[in-house]
Amino acid sequence: MDEQRIARFTSAGVADAEVSEHPFATEDGLGLNLTRFRRGDCDDVVLLVHGLTTSSDMYIMPEHTNLVNFLHDAGFGDVWALDFRMSGRFPYNAETHRHTLDDIALYDHPAALAELRRHIGDRRVHVVTHCLGSVSFSMALFAGTVTGITSLTCNSVSLTPRTPAWSKIKLGYGPALMEYVLGPSQLDPRYGKAPVLTRGWMLAKAVAPFHRDCDEPACHMLGFMWGGGKPIYTHEKMSPVTHARLPDLFGACNVHYYRHMHTMVKAGRAVKYDRRRRAHADLPDDYLTGAAEVTTPILFLTGDRNHVFTDSNIACHRLLESVTPGLHELAILPGYGHQDPFMGANVDAEVFPQVLDFLKRKAG
């Protein structure tokens with residue numbers, strides 16, 4: 001397929017479904033969106049949650065069998081995809097702000113579930129998440145800001161973020177360096193195509209020599225932004241079409257999110273960023289405090305070549321297994337990295353069946 005023919009923010013990858021948009025607002029004043037892909041009635045509804053700088057597009061890609069179509073074909077006829085404040089479909093990541101994952105756990109996910117419930121009633125809800133969508137939704141679940149979740153699937157990371165050493169350094173010093181020295185306040189995979197001699201263009205040129213796996217500037221920038229010095233996926237797992245579309249599938253990232261991640265990585269677990277902030281007073285300082293009371297089963301997915309969050313999900317499964325033995329599950333994906341479990345060329349054969357098996361066993 002010619003990558004130039006795939007429009008940005010297209011829903012053309014979803015076959016034989018009724019597509020509808022459901023905008024809603026958060027209590028702190030952001031407009032977000034749910035997209036419903038309905039092929040038929042189903043007692044078990046699936047909600048898909050993207051990661052930082054991606055969007056609902058990662059689940060509806062036309063160039064391979066995407067997760068929405070896969071679930072439809074397997075009998076899950078009512079699938080929803082959330083675009084929350086980290087979505088590349090919104091301008092929020094490219095703005096100067098001080099949003100944290102606490103804001104997402106407190107405002108975005110509860111509002112999304114309320115809007116979802118308004119349409120589906122009390123049907124069972126299964127949630128499939130990725131990257132910081134996994135972290136923030138897990139935070140919401142364990143803080144009790146979302147309830148009534150039948151099952152949760154977390155790819156790459158959840159409540160015990162762990163990163164390579166180089167990533168820890170970038171998380172610690174990068175935000176201040178970008179905001180107060182280099183500018184601007186966000187990183188963007190499109191910097192490689194920025195006008196010559198602009199700050200973004202110069203940063204992309206400086207990053208490129210350290211990422212020799214390919215010749216795609218957006219891939220280099222994504223590796224710099226998230227990959228601990230290495231790509232955020234295994235190149236062999238990715239379609240050339242997808243690799244060429246990276247600037248359409250990933251957006252800008254405000255560096256303040258890195259500060260919260262740095263706090264969590266240092267703590268070894270999901271913790272509140274600012275304990276003094278009154279708006280977050282009802283959130284736990286440590287999101288694992290009430291882990292014994294959480295009864296929602298979780299499937300922890302991770303690639304064995306994860307250069308973004310390394311063995312985070314292995315560590316989280318091990319920790320929760322000691323608290324609630326037998327409740328949660330772990331699946332390690334051979335040859336996969338961080339992003340490719342949902343965006344790889346052959347995920348319908350190598351990854352999705354494991355997710356489907358978990359969903360079917362937890363469905364009524």
# chains A, B, ... in the order shown; residues from 1 in each chain; ligands from 1
$ select_by_dssp --residues "segment 250-324 of chain A" --states "alpha helix (DSSP H)" --output "PyMOL selection string"
chain A and resi 256-267+312-323
$ write_last_selection --atoms "N, CA and C atoms" --output "PDB file, in the first residue's frame"
ATOM      1  N   HIS A 256       6.861  18.275  30.487  1.00  0.00           N
ATOM      2  CA  HIS A 256       6.530  18.208  31.914  1.00  0.00           C
ATOM      3  C   HIS A 256       6.088  16.816  32.323  1.00  0.00           C
ATOM      4  N   TYR A 257       5.500  16.056  31.413  1.00  0.00           N
ATOM      5  CA  TYR A 257       5.139  14.674  31.743  1.00  0.00           C
ATOM      6  C   TYR A 257       6.372  13.873  32.172  1.00  0.00           C
ATOM      7  N   TYR A 258       7.528  14.225  31.606  1.00  0.00           N
ATOM      8  CA  TYR A 258       8.755  13.521  31.972  1.00  0.00           C
ATOM      9  C   TYR A 258       9.080  13.698  33.458  1.00  0.00           C
ATOM     10  N   ARG A 259       8.731  14.854  33.998  1.00  0.00           N
ATOM     11  CA  ARG A 259       9.009  15.089  35.423  1.00  0.00           C
ATOM     12  C   ARG A 259       8.237  14.108  36.297  1.00  0.00           C
ATOM     13  N   HIS A 260       6.972  13.883  35.959  1.00  0.00           N
ATOM     14  CA  HIS A 260       6.197  12.930  36.749  1.00  0.00           C
ATOM     15  C   HIS A 260       6.749  11.521  36.567  1.00  0.00           C
ATOM     16  N   MET A 261       7.110  11.170  35.327  1.00  0.00           N
ATOM     17  CA  MET A 261       7.680   9.843  35.113  1.00  0.00           C
ATOM     18  C   MET A 261       8.989   9.674  35.877  1.00  0.00           C
ATOM     19  N   HIS A 262       9.790  10.726  35.930  1.00  0.00           N
ATOM     20  CA  HIS A 262      11.046  10.650  36.675  1.00  0.00           C
ATOM     21  C   HIS A 262      10.780  10.394  38.155  1.00  0.00           C
ATOM     22  N   THR A 263       9.761  11.057  38.702  1.00  0.00           N
ATOM     23  CA  THR A 263       9.380  10.834  40.093  1.00  0.00           C
ATOM     24  C   THR A 263       8.984   9.380  40.324  1.00  0.00           C
ATOM     25  N   MET A 264       8.233   8.808  39.388  1.00  0.00           N
ATOM     26  CA  MET A 264       7.798   7.422  39.523  1.00  0.00           C
ATOM     27  C   MET A 264       8.963   6.448  39.373  1.00  0.00           C
ATOM     28  N   VAL A 265       9.821   6.702  38.408  1.00  0.00           N
ATOM     29  CA  VAL A 265      10.961   5.805  38.186  1.00  0.00           C
ATOM     30  C   VAL A 265      11.870   5.794  39.419  1.00  0.00           C
ATOM     31  N   LYS A 266      12.088   6.971  40.007  1.00  0.00           N
ATOM     32  CA  LYS A 266      12.904   7.029  41.221  1.00  0.00           C
ATOM     33  C   LYS A 266      12.243   6.273  42.366  1.00  0.00           C
ATOM     34  N   ALA A 267      10.915   6.367  42.456  1.00  0.00           N
ATOM     35  CA  ALA A 267      10.194   5.693  43.533  1.00  0.00           C
ATOM     36  C   ALA A 267      10.020   4.203  43.270  1.00  0.00           C
ATOM     37  N   SER A 312       9.315  -3.469  33.171  1.00  0.00           N
ATOM     38  CA  SER A 312       8.351  -2.859  34.085  1.00  0.00           C
ATOM     39  C   SER A 312       7.163  -3.759  34.382  1.00  0.00           C
ATOM     40  N   ASN A 313       6.580  -4.356  33.338  1.00  0.00           N
ATOM     41  CA  ASN A 313       5.377  -5.167  33.555  1.00  0.00           C
ATOM     42  C   ASN A 313       5.690  -6.506  34.201  1.00  0.00           C
ATOM     43  N   ILE A 314       6.880  -7.005  33.981  1.00  0.00           N
ATOM     44  CA  ILE A 314       7.293  -8.223  34.693  1.00  0.00           C
ATOM     45  C   ILE A 314       7.376  -7.928  36.185  1.00  0.00           C
ATOM     46  N   ALA A 315       7.966  -6.775  36.529  1.00  0.00           N
ATOM     47  CA  ALA A 315       8.088  -6.383  37.931  1.00  0.00           C
ATOM     48  C   ALA A 315       6.718  -6.123  38.553  1.00  0.00           C
ATOM     49  N   CYS A 316       5.816  -5.492  37.788  1.00  0.00           N
ATOM     50  CA  CYS A 316       4.490  -5.192  38.333  1.00  0.00           C
ATOM     51  C   CYS A 316       3.688  -6.466  38.567  1.00  0.00           C
ATOM     52  N   HIS A 317       3.768  -7.404  37.621  1.00  0.00           N
ATOM     53  CA  HIS A 317       3.073  -8.679  37.810  1.00  0.00           C
ATOM     54  C   HIS A 317       3.613  -9.414  39.030  1.00  0.00           C
ATOM     55  N   ARG A 318       4.927  -9.394  39.185  1.00  0.00           N
ATOM     56  CA  ARG A 318       5.532 -10.072  40.333  1.00  0.00           C
ATOM     57  C   ARG A 318       5.065  -9.443  41.648  1.00  0.00           C
ATOM     58  N   LEU A 319       5.020  -8.116  41.683  1.00  0.00           N
ATOM     59  CA  LEU A 319       4.598  -7.436  42.905  1.00  0.00           C
ATOM     60  C   LEU A 319       3.139  -7.748  43.223  1.00  0.00           C
ATOM     61  N   LEU A 320       2.252  -7.631  42.221  1.00  0.00           N
ATOM     62  CA  LEU A 320       0.829  -7.862  42.476  1.00  0.00           C
ATOM     63  C   LEU A 320       0.525  -9.331  42.738  1.00  0.00           C
ATOM     64  N   GLU A 321       1.335 -10.218  42.196  1.00  0.00           N
ATOM     65  CA  GLU A 321       1.148 -11.648  42.471  1.00  0.00           C
ATOM     66  C   GLU A 321       1.346 -11.931  43.958  1.00  0.00           C
ATOM     67  N   SER A 322       2.221 -11.163  44.608  1.00  0.00           N
ATOM     68  CA  SER A 322       2.446 -11.343  46.039  1.00  0.00           C
ATOM     69  C   SER A 322       1.305 -10.759  46.876  1.00  0.00           C
ATOM     70  N   VAL A 323       0.512  -9.877  46.268  1.00  0.00           N
ATOM     71  CA  VAL A 323      -0.593  -9.236  46.986  1.00  0.00           C
ATOM     72  C   VAL A 323      -1.912  -9.960  46.736  1.00  0.00           C
TER      73      VAL A 323
END
$ select_by_dssp --residues "segment 177-287 of chain A" --states "strand (DSSP E)" --output "mmCIF file with C-alpha atoms, in the first residue's frame"
data_model
loop_
_atom_site.group_PDB
_atom_site.id
_atom_site.type_symbol
_atom_site.label_atom_id
_atom_site.label_comp_id
_atom_site.auth_asym_id
_atom_site.auth_seq_id
_atom_site.Cartn_x
_atom_site.Cartn_y
_atom_site.Cartn_z
ATOM 1 C CA GLN A 186 7.924 20.064 23.803
ATOM 2 C CA LEU A 187 9.668 17.461 21.658
ATOM 3 C CA CYS A 253 5.232 15.650 23.718
ATOM 4 C CA ASN A 254 5.218 18.300 26.430
#
$ closest_atom_pairs --of "segment 123-172 of chain A" --to "segment 80-95 of chain A" --cutoff "12 Å" --atoms "only C-alpha atoms" --output "tab-separated table"
residue	atom	partner	partner_atom	distance
A:Val125	CA	A:Trp80	CA	10.1
A:His126	CA	A:Trp80	CA	10.2
A:Val127	CA	A:Trp80	CA	9.4
A:Val128	CA	A:Ala81	CA	9.5
A:Thr129	CA	A:Leu82	CA	9.9
A:His130	CA	A:Leu82	CA	11.7
A:Cys131	CA	A:Met86	CA	10.9
A:Leu132	CA	A:Met86	CA	8.7
A:Gly133	CA	A:Met86	CA	8.4
A:Ser136	CA	A:Phe84	CA	10.6
A:Phe137	CA	A:Phe84	CA	10.9
$ residues_around --residues "Arg190 of chain A" --least-positions-apart "2" --cutoff "7 Å" --atoms "only C-alpha atoms" --output "list of chain:residue names"
A:Asp188, A:Gly192, A:Lys193, A:Ala194, A:Ala218, A:Pro247
$ atom_distance --atom1 "atom CA of Leu34 of chain A" --atom2 "atom CA of Thr53 of chain A"
16.5 Å
$ closest_residue --among "A:Thr295, A:Thr163, A:Ser138, A:Ser239" --to "Thr310 of chain A" --atoms "only C-alpha atoms"
A:Thr163
$ closest_residue --among "A:Ala25, A:Glu18, A:Arg278, A:Phe70" --to "Ala114 of chain A" --atoms "only C-alpha atoms"
A:Ala25
$ residues_around --residues "Val68 of chain A" --least-positions-apart "5" --cutoff "7 Å" --atoms "only C-alpha atoms" --output "JSON, numbers by chain"
{"A": [14, 59, 60, 79]}
$ write_last_selection --atoms "C-alpha atoms" --output "PDB file, in the first residue's frame"
ATOM      1  CA  VAL A  14     -12.019   0.046  10.033  1.00  0.00           C
ATOM      2  CA  TYR A  59      -5.697   0.900  16.849  1.00  0.00           C
ATOM      3  CA  ILE A  60      -7.225   1.489  13.402  1.00  0.00           C
ATOM      4  CA  VAL A  79     -15.323  -1.281  20.375  1.00  0.00           C
TER       5      VAL A  79
END
$ closest_residue --among "A:Ile298, A:Ala331, A:Ile6, A:Leu113" --to "Thr150 of chain A" --atoms "only C-alpha atoms"
A:Ile298
$ residues_around --residues "Ala270 of chain A" --least-positions-apart "5" --cutoff "8 Å" --atoms "only C-alpha atoms" --output "tab-separated table (two decimals) with N, CA and C atoms, in the first residue's frame"
chain	number	residue	atom	x	y	z
A	135	VAL	N	-0.28	3.39	32.30
A	135	VAL	CA	0.07	3.90	33.63
A	135	VAL	C	-1.09	4.69	34.21
A	139	MET	N	-3.52	3.82	37.35
A	139	MET	CA	-3.62	4.74	38.47
A	139	MET	C	-5.07	5.03	38.81
A	159	LEU	N	2.14	0.09	36.82
A	159	LEU	CA	2.31	0.82	38.07
A	159	LEU	C	3.72	0.77	38.65
A	160	THR	N	4.65	0.12	37.95
A	160	THR	CA	6.04	0.08	38.42
A	160	THR	C	6.98	0.44	37.26
A	161	PRO	N	6.99	1.70	36.83
A	161	PRO	CA	7.81	2.09	35.67
A	161	PRO	C	9.30	1.90	35.94
A	264	MET	N	8.23	8.81	39.39
A	264	MET	CA	7.80	7.42	39.52
A	264	MET	C	8.96	6.45	39.37
A	286	ASP	N	0.62	7.00	47.07
A	286	ASP	CA	1.17	5.79	46.45
A	286	ASP	C	-0.01	5.00	45.89
A	287	TYR	N	-0.04	4.83	44.57
A	287	TYR	CA	-1.20	4.21	43.93
A	287	TYR	C	-1.30	2.71	44.20
A	288	LEU	N	-0.29	2.12	44.75
A	288	LEU	CA	-0.33	0.69	45.06
A	288	LEU	C	-0.80	0.42	46.49
$ closest_residue --among "A:Ala363, A:Val308, A:Val255, A:Ile104" --to "Leu177 of chain A" --atoms "only C-alpha atoms"
A:Val255
$ residues_around --residues "Pro209 of chain A" --least-positions-apart "5" --cutoff "12 Å" --atoms "only C-alpha atoms" --output "list in words"
Leu203, Ala204, Cys214, Asp215, Glu216, Pro217, His220, Met221, Gly223, Phe224 and Gly229 of chain A
$ write_last_selection --atoms "C-alpha atoms" --output "PDB file, in the first residue's frame"
ATOM      1  CA  LEU A 203      17.973  19.035  17.548  1.00  0.00           C
ATOM      2  CA  ALA A 204      16.917  16.407  14.996  1.00  0.00           C
ATOM      3  CA  CYS A 214      17.371   3.517   9.765  1.00  0.00           C
ATOM      4  CA  ASP A 215      17.222   6.758   7.760  1.00  0.00           C
ATOM      5  CA  GLU A 216      13.849   8.021   9.047  1.00  0.00           C
ATOM      6  CA  PRO A 217      14.251  11.261  11.101  1.00  0.00           C
ATOM      7  CA  HIS A 220      15.410   8.892  15.388  1.00  0.00           C
ATOM      8  CA  MET A 221      13.470  11.507  17.321  1.00  0.00           C
ATOM      9  CA  GLY A 223      14.123   6.878  19.955  1.00  0.00           C
ATOM     10  CA  PHE A 224      15.571  10.005  21.545  1.00  0.00           C
ATOM     11  CA  GLY A 229      18.980   5.479  23.020  1.00  0.00           C
TER      12      GLY A 229
END
$ decode --residues "segment 317-346 of chain A" --atoms "N, CA and C atoms" --output "PDB file, in the first residue's frame"
ATOM      1  N   HIS A 317       3.768  -7.404  37.621  1.00  0.00           N
ATOM      2  CA  HIS A 317       3.073  -8.679  37.810  1.00  0.00           C
ATOM      3  C   HIS A 317       3.613  -9.414  39.030  1.00  0.00           C
ATOM      4  N   ARG A 318       4.927  -9.394  39.185  1.00  0.00           N
ATOM      5  CA  ARG A 318       5.532 -10.072  40.333  1.00  0.00           C
ATOM      6  C   ARG A 318       5.065  -9.443  41.648  1.00  0.00           C
ATOM      7  N   LEU A 319       5.020  -8.116  41.683  1.00  0.00           N
ATOM      8  CA  LEU A 319       4.598  -7.436  42.905  1.00  0.00           C
ATOM      9  C   LEU A 319       3.139  -7.748  43.223  1.00  0.00           C
ATOM     10  N   LEU A 320       2.252  -7.631  42.221  1.00  0.00           N
ATOM     11  CA  LEU A 320       0.829  -7.862  42.476  1.00  0.00           C
ATOM     12  C   LEU A 320       0.525  -9.331  42.738  1.00  0.00           C
ATOM     13  N   GLU A 321       1.335 -10.218  42.196  1.00  0.00           N
ATOM     14  CA  GLU A 321       1.148 -11.648  42.471  1.00  0.00           C
ATOM     15  C   GLU A 321       1.346 -11.931  43.958  1.00  0.00           C
ATOM     16  N   SER A 322       2.221 -11.163  44.608  1.00  0.00           N
ATOM     17  CA  SER A 322       2.446 -11.343  46.039  1.00  0.00           C
ATOM     18  C   SER A 322       1.305 -10.759  46.876  1.00  0.00           C
ATOM     19  N   VAL A 323       0.512  -9.877  46.268  1.00  0.00           N
ATOM     20  CA  VAL A 323      -0.593  -9.236  46.986  1.00  0.00           C
ATOM     21  C   VAL A 323      -1.912  -9.960  46.736  1.00  0.00           C
ATOM     22  N   THR A 324      -2.177 -10.261  45.460  1.00  0.00           N
ATOM     23  CA  THR A 324      -3.414 -10.953  45.081  1.00  0.00           C
ATOM     24  C   THR A 324      -3.037 -12.143  44.193  1.00  0.00           C
ATOM     25  N   PRO A 325      -2.576 -13.221  44.783  1.00  0.00           N
ATOM     26  CA  PRO A 325      -2.078 -14.365  43.997  1.00  0.00           C
ATOM     27  C   PRO A 325      -3.107 -14.921  43.025  1.00  0.00           C
ATOM     28  N   GLY A 326      -2.671 -15.142  41.774  1.00  0.00           N
ATOM     29  CA  GLY A 326      -3.513 -15.786  40.781  1.00  0.00           C
ATOM     30  C   GLY A 326      -4.491 -14.882  40.064  1.00  0.00           C
ATOM     31  N   LEU A 327      -4.577 -13.608  40.454  1.00  0.00           N
ATOM     32  CA  LEU A 327      -5.565 -12.718  39.840  1.00  0.00           C
ATOM     33  C   LEU A 327      -5.100 -12.205  38.480  1.00  0.00           C
ATOM     34  N   HIS A 328      -3.835 -11.856  38.379  1.00  0.00           N
ATOM     35  CA  HIS A 328      -3.316 -11.211  37.179  1.00  0.00           C
ATOM     36  C   HIS A 328      -2.453 -12.163  36.356  1.00  0.00           C
ATOM     37  N   GLU A 329      -2.208 -11.786  35.094  1.00  0.00           N
ATOM     38  CA  GLU A 329      -1.459 -12.638  34.170  1.00  0.00           C
ATOM     39  C   GLU A 329      -0.361 -11.841  33.476  1.00  0.00           C
ATOM     40  N   LEU A 330       0.659 -12.551  33.007  1.00  0.00           N
ATOM     41  CA  LEU A 330       1.790 -11.944  32.313  1.00  0.00           C
ATOM     42  C   LEU A 330       2.027 -12.667  30.999  1.00  0.00           C
ATOM     43  N   ALA A 331       2.218 -11.898  29.925  1.00  0.00           N
ATOM     44  CA  ALA A 331       2.557 -12.470  28.622  1.00  0.00           C
ATOM     45  C   ALA A 331       3.755 -11.719  28.059  1.00  0.00           C
ATOM     46  N   ILE A 332       4.846 -12.438  27.816  1.00  0.00           N
ATOM     47  CA  ILE A 332       6.062 -11.854  27.250  1.00  0.00           C
ATOM     48  C   ILE A 332       6.086 -12.168  25.759  1.00  0.00           C
ATOM     49  N   LEU A 333       6.278 -11.131  24.946  1.00  0.00           N
ATOM     50  CA  LEU A 333       6.178 -11.242  23.495  1.00  0.00           C
ATOM     51  C   LEU A 333       7.577 -11.326  22.886  1.00  0.00           C
ATOM     52  N   PRO A 334       7.980 -12.493  22.369  1.00  0.00           N
ATOM     53  CA  PRO A 334       9.328 -12.651  21.816  1.00  0.00           C
ATOM     54  C   PRO A 334       9.570 -11.746  20.606  1.00  0.00           C
ATOM     55  N   GLY A 335      10.675 -11.035  20.619  1.00  0.00           N
ATOM     56  CA  GLY A 335      11.073 -10.216  19.485  1.00  0.00           C
ATOM     57  C   GLY A 335      10.432  -8.847  19.428  1.00  0.00           C
ATOM     58  N   TYR A 336       9.525  -8.545  20.344  1.00  0.00           N
ATOM     59  CA  TYR A 336       8.816  -7.273  20.308  1.00  0.00           C
ATOM     60  C   TYR A 336       9.423  -6.256  21.275  1.00  0.00           C
ATOM     61  N   GLY A 337       9.179  -4.991  20.968  1.00  0.00           N
ATOM     62  CA  GLY A 337       9.644  -3.899  21.797  1.00  0.00           C
ATOM     63  C   GLY A 337       8.497  -3.237  22.533  1.00  0.00           C
ATOM     64  N   HIS A 338       8.474  -1.911  22.496  1.00  0.00           N
ATOM     65  CA  HIS A 338       7.474  -1.131  23.232  1.00  0.00           C
ATOM     66  C   HIS A 338       6.220  -0.864  22.409  1.00  0.00           C
ATOM     67  N   GLN A 339       6.376  -0.342  21.203  1.00  0.00           N
ATOM     68  CA  GLN A 339       5.239   0.109  20.411  1.00  0.00           C
ATOM     69  C   GLN A 339       4.699  -0.951  19.457  1.00  0.00           C
ATOM     70  N   ASP A 340       5.541  -1.825  18.982  1.00  0.00           N
ATOM     71  CA  ASP A 340       5.155  -2.767  17.936  1.00  0.00           C
ATOM     72  C   ASP A 340       4.121  -3.818  18.338  1.00  0.00           C
ATOM     73  N   PRO A 341       3.861  -4.100  19.631  1.00  0.00           N
ATOM     74  CA  PRO A 341       2.788  -5.051  19.927  1.00  0.00           C
ATOM     75  C   PRO A 341       1.415  -4.630  19.411  1.00  0.00           C
ATOM     76  N   PHE A 342       1.210  -3.343  19.134  1.00  0.00           N
ATOM     77  CA  PHE A 342      -0.048  -2.900  18.532  1.00  0.00           C
ATOM     78  C   PHE A 342       0.125  -2.375  17.117  1.00  0.00           C
ATOM     79  N   MET A 343       1.343  -1.998  16.750  1.00  0.00           N
ATOM     80  CA  MET A 343       1.558  -1.365  15.457  1.00  0.00           C
ATOM     81  C   MET A 343       2.366  -2.211  14.488  1.00  0.00           C
ATOM     82  N   GLY A 344       2.792  -3.399  14.900  1.00  0.00           N
ATOM     83  CA  GLY A 344       3.588  -4.258  14.041  1.00  0.00           C
ATOM     84  C   GLY A 344       2.794  -4.861  12.897  1.00  0.00           C
ATOM     85  N   ALA A 345       3.522  -5.333  11.890  1.00  0.00           N
ATOM     86  CA  ALA A 345       2.878  -5.828  10.666  1.00  0.00           C
ATOM     87  C   ALA A 345       2.104  -7.129  10.882  1.00  0.00           C
ATOM     88  N   ASN A 346       2.560  -7.962  11.824  1.00  0.00           N
ATOM     89  CA  ASN A 346       1.951  -9.288  11.994  1.00  0.00           C
ATOM     90  C   ASN A 346       1.343  -9.484  13.380  1.00  0.00           C
TER      91      ASN A 346
END
